[in-house]
Amino acid sequence: MYISRFQVKNFKLFQDIVVEFNPILSIFTGVNNSGKTTLLQALSLWYECFSKLIRQAGRGKRNYKKNDYLILLDEPDSHIHRDIQSRLLQIITNFSQGNQVFMATHNEAIIRNANLSNLFHLDSQATGRYKSIDANLITVNPRFSGIYPSPVNPVIIALGMVNGLDFINAIESDHLIFVEGVNDANAINILLKQNIGNYKKYVYWVLGGVNEVSERILHYKTVFSEVKNNQTLWEKSVLIMDRDFLSDIHQSTLADEFQNRINLKSHIWSAYTFESTLFTDISKLAR
C-alpha cells in the first residue's frame with residue numbers, strides 16, 4: 001500500500017492543497033513556515049484515523065503487512081556530520097523495508113543528493129497542487145556556455161543558499177558531460193531520464209560550439225584534473241559531440257586521440273548531428 005495522492009483541506013495554513021507523492025520517498029523542502037511539518041502532521045492524523053478503521057474492520061494490529069506503515073521524519077539530518085547527511089537518503093530507503101517514507105528538511109546536502117522525483121518544494125501556498133520537481137533542465141539563453149544550472153538550484157536559492165551551487169553540483173555528480181550546445185544538453189538529459197533504474201547524477205558543461213572543443217578542452221583538463229571529490233572532475237568527464245563532416249576514419253581516430261592523449265572518454269554521434277542519429281537509428285528513436 002502507498003499513498004499516491006493526498007488532499008489537505010482547512011488544516012492550519014492549508015485551505016485546499018493536493019500533493020502527488022512518490023511511492024517510495026517524498027522529501028518536503030522550503031523555508032520556515034512553508035508547510036513542511038504541517039504536511040507531516042496531516043499525514044500522521046490521516047494514518048491514525050486509517051489505522052482505527054482497519055482495526056474496526058477486524059484486521060487487527062498484529063496482522064498489518066510490513067509495507068502498510070508510513071515513516072514520517074521531521075529534519076532527521078539535524079546535528080549529524082555532512083558526510084552522513086549525503087548518505088542519509090540511501091540509508092533511510094534501504095532500511096524502510098518497502099514502507100513509504102516522508103521527510104521534511106531544508107538541508108542543502110540532502111536536497112542536492114536527492115533524486116528530483118523525490119523532491120517537493122513547498123512555498124506556503126494555501127491552495128494548489130504540488131508535484132515533485134520537474135526533472136527537465138531549466139531554460140537558459142541559447143548562447144549560454146558553462147555548467148548547465150541544475151533544476152534544483154531555484155529551490156536552494158529560495159532557501160538562501162547560493163554559494164557556488166553549479167560547481168558543487170559538478171563536483172558531486174557521477175558524470176560531467178561536455179556538450180556543444182544547450183539543445184544537446186536538453187536532448188541527452190531527456191534520453192538519460194528514460195532509464196528508470198538509473199539514479200546517477202549528471203551535470204552538463206555547455207561548450208558553446210564545436211570550435212570550443214579544440215580551443216579550450218586542454219584548459220579544462222588542467223583545471224579539472226586538480227578538482228577532486230572521490231575522483232577528479234576530469235576522470236568522470238565525457239565529451240559528446242556531433243559528427244558533422246567527419247569521415248568514419250576521422251571519427252574513430254578523433255575518439256582514440258581524446259582517450260590516448262588527454263584521457264577523455266568521448267562519444268561522437270554516428271550521423272551528422274545528434275538529431276540525425278535518432279532518425280537514422282529507428283530502434284534508438286523508439287526508445
# chains A, B, ... in the order shown; residues from 1 in each chain; ligands from 1
call {"tool": "select_by_dssp", "arguments": {"residues": "region 144-271 of chain A", "states": "alpha helix (DSSP H)", "output": "PyMOL selection string"}}
result
chain A and resi 153-158+165-171+182-193+211-224+248-262
call {"tool": "residues_around", "arguments": {"residues": "Lys131 (chain A)", "least_positions_apart": "4", "cutoff": "8 Å", "atoms": "only C-alpha atoms", "output": "ChimeraX atom specification"}}
result
/A:19-21,120
call {"tool": "select_by_dssp", "arguments": {"residues": "region 144-252 of chain A", "states": "strand (DSSP E or B)", "output": "PyMOL selection string"}}
result
chain A and resi 146-147+175-179+202-206+228+232+237-241
call {"tool": "atom_distance", "arguments": {"atom1": "CA of Ala271 (chain A)", "atom2": "CA of Ser252 (chain A)"}}
result
13.0 Å
call {"tool": "residues_around", "arguments": {"residues": "Lys221 (chain A)", "least_positions_apart": "3", "cutoff": "9 Å", "atoms": "only C-alpha atoms", "output": "list in words"}}
result
Arg216, Ile217, Leu218, Phe224, Ser225, Glu226, Leu233, Trp234, Ile262 and Leu264 of chain A
call {"tool": "write_last_selection", "arguments": {"atoms": "all heavy atoms", "output": "compact mmCIF listing (two decimals), in the first residue's frame"}}
result
# COMPACT_ATOMS: atom_id res chain seq x y z
N ARG A 216 39.55 24.97 -26.10
CA ARG A 216 39.53 25.09 -24.64
C ARG A 216 39.63 23.78 -23.87
O ARG A 216 39.77 23.79 -22.65
CB ARG A 216 38.26 25.81 -24.20
CG ARG A 216 38.14 27.22 -24.73
CD ARG A 216 37.08 27.99 -23.99
NE ARG A 216 36.98 29.35 -24.48
CZ ARG A 216 36.23 30.29 -23.92
NH1 ARG A 216 35.53 29.99 -22.84
NH2 ARG A 216 36.18 31.51 -24.42
N ILE A 217 39.53 22.64 -24.55
CA ILE A 217 39.45 21.38 -23.83
C ILE A 217 40.69 21.12 -22.98
O ILE A 217 40.61 20.55 -21.88
CB ILE A 217 39.17 20.21 -24.81
CG1 ILE A 217 38.56 19.03 -24.05
CG2 ILE A 217 40.42 19.81 -25.56
CD1 ILE A 217 37.17 19.27 -23.55
N LEU A 218 41.86 21.54 -23.45
CA LEU A 218 43.09 21.34 -22.67
C LEU A 218 43.09 22.21 -21.41
O LEU A 218 43.65 21.82 -20.38
CB LEU A 218 44.31 21.63 -23.53
CG LEU A 218 44.61 20.61 -24.63
CD1 LEU A 218 45.82 21.04 -25.44
CD2 LEU A 218 44.83 19.22 -24.04
N PHE A 224 40.36 20.76 -14.20
CA PHE A 224 39.51 19.69 -13.67
C PHE A 224 40.33 18.52 -13.12
O PHE A 224 39.82 17.76 -12.29
CB PHE A 224 38.55 19.19 -14.74
CG PHE A 224 37.48 20.18 -15.11
CD1 PHE A 224 36.58 19.92 -16.12
CD2 PHE A 224 37.36 21.39 -14.44
CE1 PHE A 224 35.59 20.83 -16.45
CE2 PHE A 224 36.39 22.32 -14.76
CZ PHE A 224 35.50 22.03 -15.78
N SER A 225 41.55 18.39 -13.56
CA SER A 225 42.40 17.32 -13.03
C SER A 225 42.83 17.59 -11.59
O SER A 225 43.29 16.69 -10.89
CB SER A 225 43.65 17.15 -13.90
OG SER A 225 43.30 16.71 -15.20
N GLU A 226 42.67 18.85 -11.14
CA GLU A 226 43.06 19.23 -9.78
C GLU A 226 41.87 19.33 -8.83
O GLU A 226 42.05 19.52 -7.63
CB GLU A 226 43.81 20.57 -9.79
CG GLU A 226 45.06 20.56 -10.66
CD GLU A 226 46.09 19.54 -10.17
OE1 GLU A 226 46.22 19.38 -8.93
OE2 GLU A 226 46.74 18.90 -11.02
N LEU A 233 37.36 15.74 -11.33
CA LEU A 233 36.33 16.09 -12.31
C LEU A 233 36.68 15.55 -13.68
O LEU A 233 35.81 15.14 -14.44
CB LEU A 233 36.17 17.61 -12.38
CG LEU A 233 35.15 18.27 -11.46
CD1 LEU A 233 35.16 19.77 -11.65
CD2 LEU A 233 33.76 17.71 -11.70
N TRP A 234 37.96 15.57 -14.00
CA TRP A 234 38.36 15.11 -15.32
C TRP A 234 38.15 13.61 -15.48
O TRP A 234 37.76 13.13 -16.56
CB TRP A 234 39.83 15.46 -15.58
CG TRP A 234 40.23 15.26 -17.01
CD1 TRP A 234 41.05 14.30 -17.53
CD2 TRP A 234 39.81 16.05 -18.14
NE1 TRP A 234 41.16 14.42 -18.88
CE2 TRP A 234 40.41 15.50 -19.29
CE3 TRP A 234 38.98 17.16 -18.27
CZ2 TRP A 234 40.22 16.03 -20.55
CZ3 TRP A 234 38.77 17.68 -19.53
CH2 TRP A 234 39.39 17.12 -20.65
N ILE A 262 44.62 12.78 -23.94
CA ILE A 262 44.21 13.59 -22.78
C ILE A 262 43.30 12.82 -21.83
O ILE A 262 42.71 13.40 -20.92
CB ILE A 262 43.52 14.90 -23.22
CG1 ILE A 262 42.28 14.61 -24.08
CG2 ILE A 262 44.48 15.80 -23.98
CD1 ILE A 262 41.49 15.88 -24.44
N LEU A 264 40.35 11.46 -22.09
CA LEU A 264 38.97 11.92 -22.06
C LEU A 264 38.09 10.94 -22.83
O LEU A 264 38.30 10.71 -24.03
CB LEU A 264 38.86 13.31 -22.70
CG LEU A 264 37.43 13.87 -22.83
CD1 LEU A 264 36.80 14.08 -21.46
CD2 LEU A 264 37.45 15.19 -23.62
call {"tool": "residues_around", "arguments": {"residues": "Val152 (chain A)", "least_positions_apart": "3", "cutoff": "9 Å", "atoms": "only C-alpha atoms", "output": "list in words"}}
result
Ile111, Arg112, Leu116, Leu119, Ile133, Asp134, Ala135, Pro149, Val155, Ile156 and Ile157 of chain A
call {"tool": "closest_residue", "arguments": {"among": "A:Gln100, A:Ser51, A:Asn153, A:Gln231", "to": "Leu70 (chain A)", "atoms": "only C-alpha atoms"}}
result
A:Gln100
call {"tool": "residues_around", "arguments": {"residues": "Lys12 (chain A)", "least_positions_apart": "6", "cutoff": "12 Å", "atoms": "only C-alpha atoms", "output": "list in words"}}
result
Asn33, Ser34, Gly35, Lys36, Thr37, Thr38, Leu39, Gln41, Ala42, Ser124, Gln125, Ala126 and Thr127 of chain A
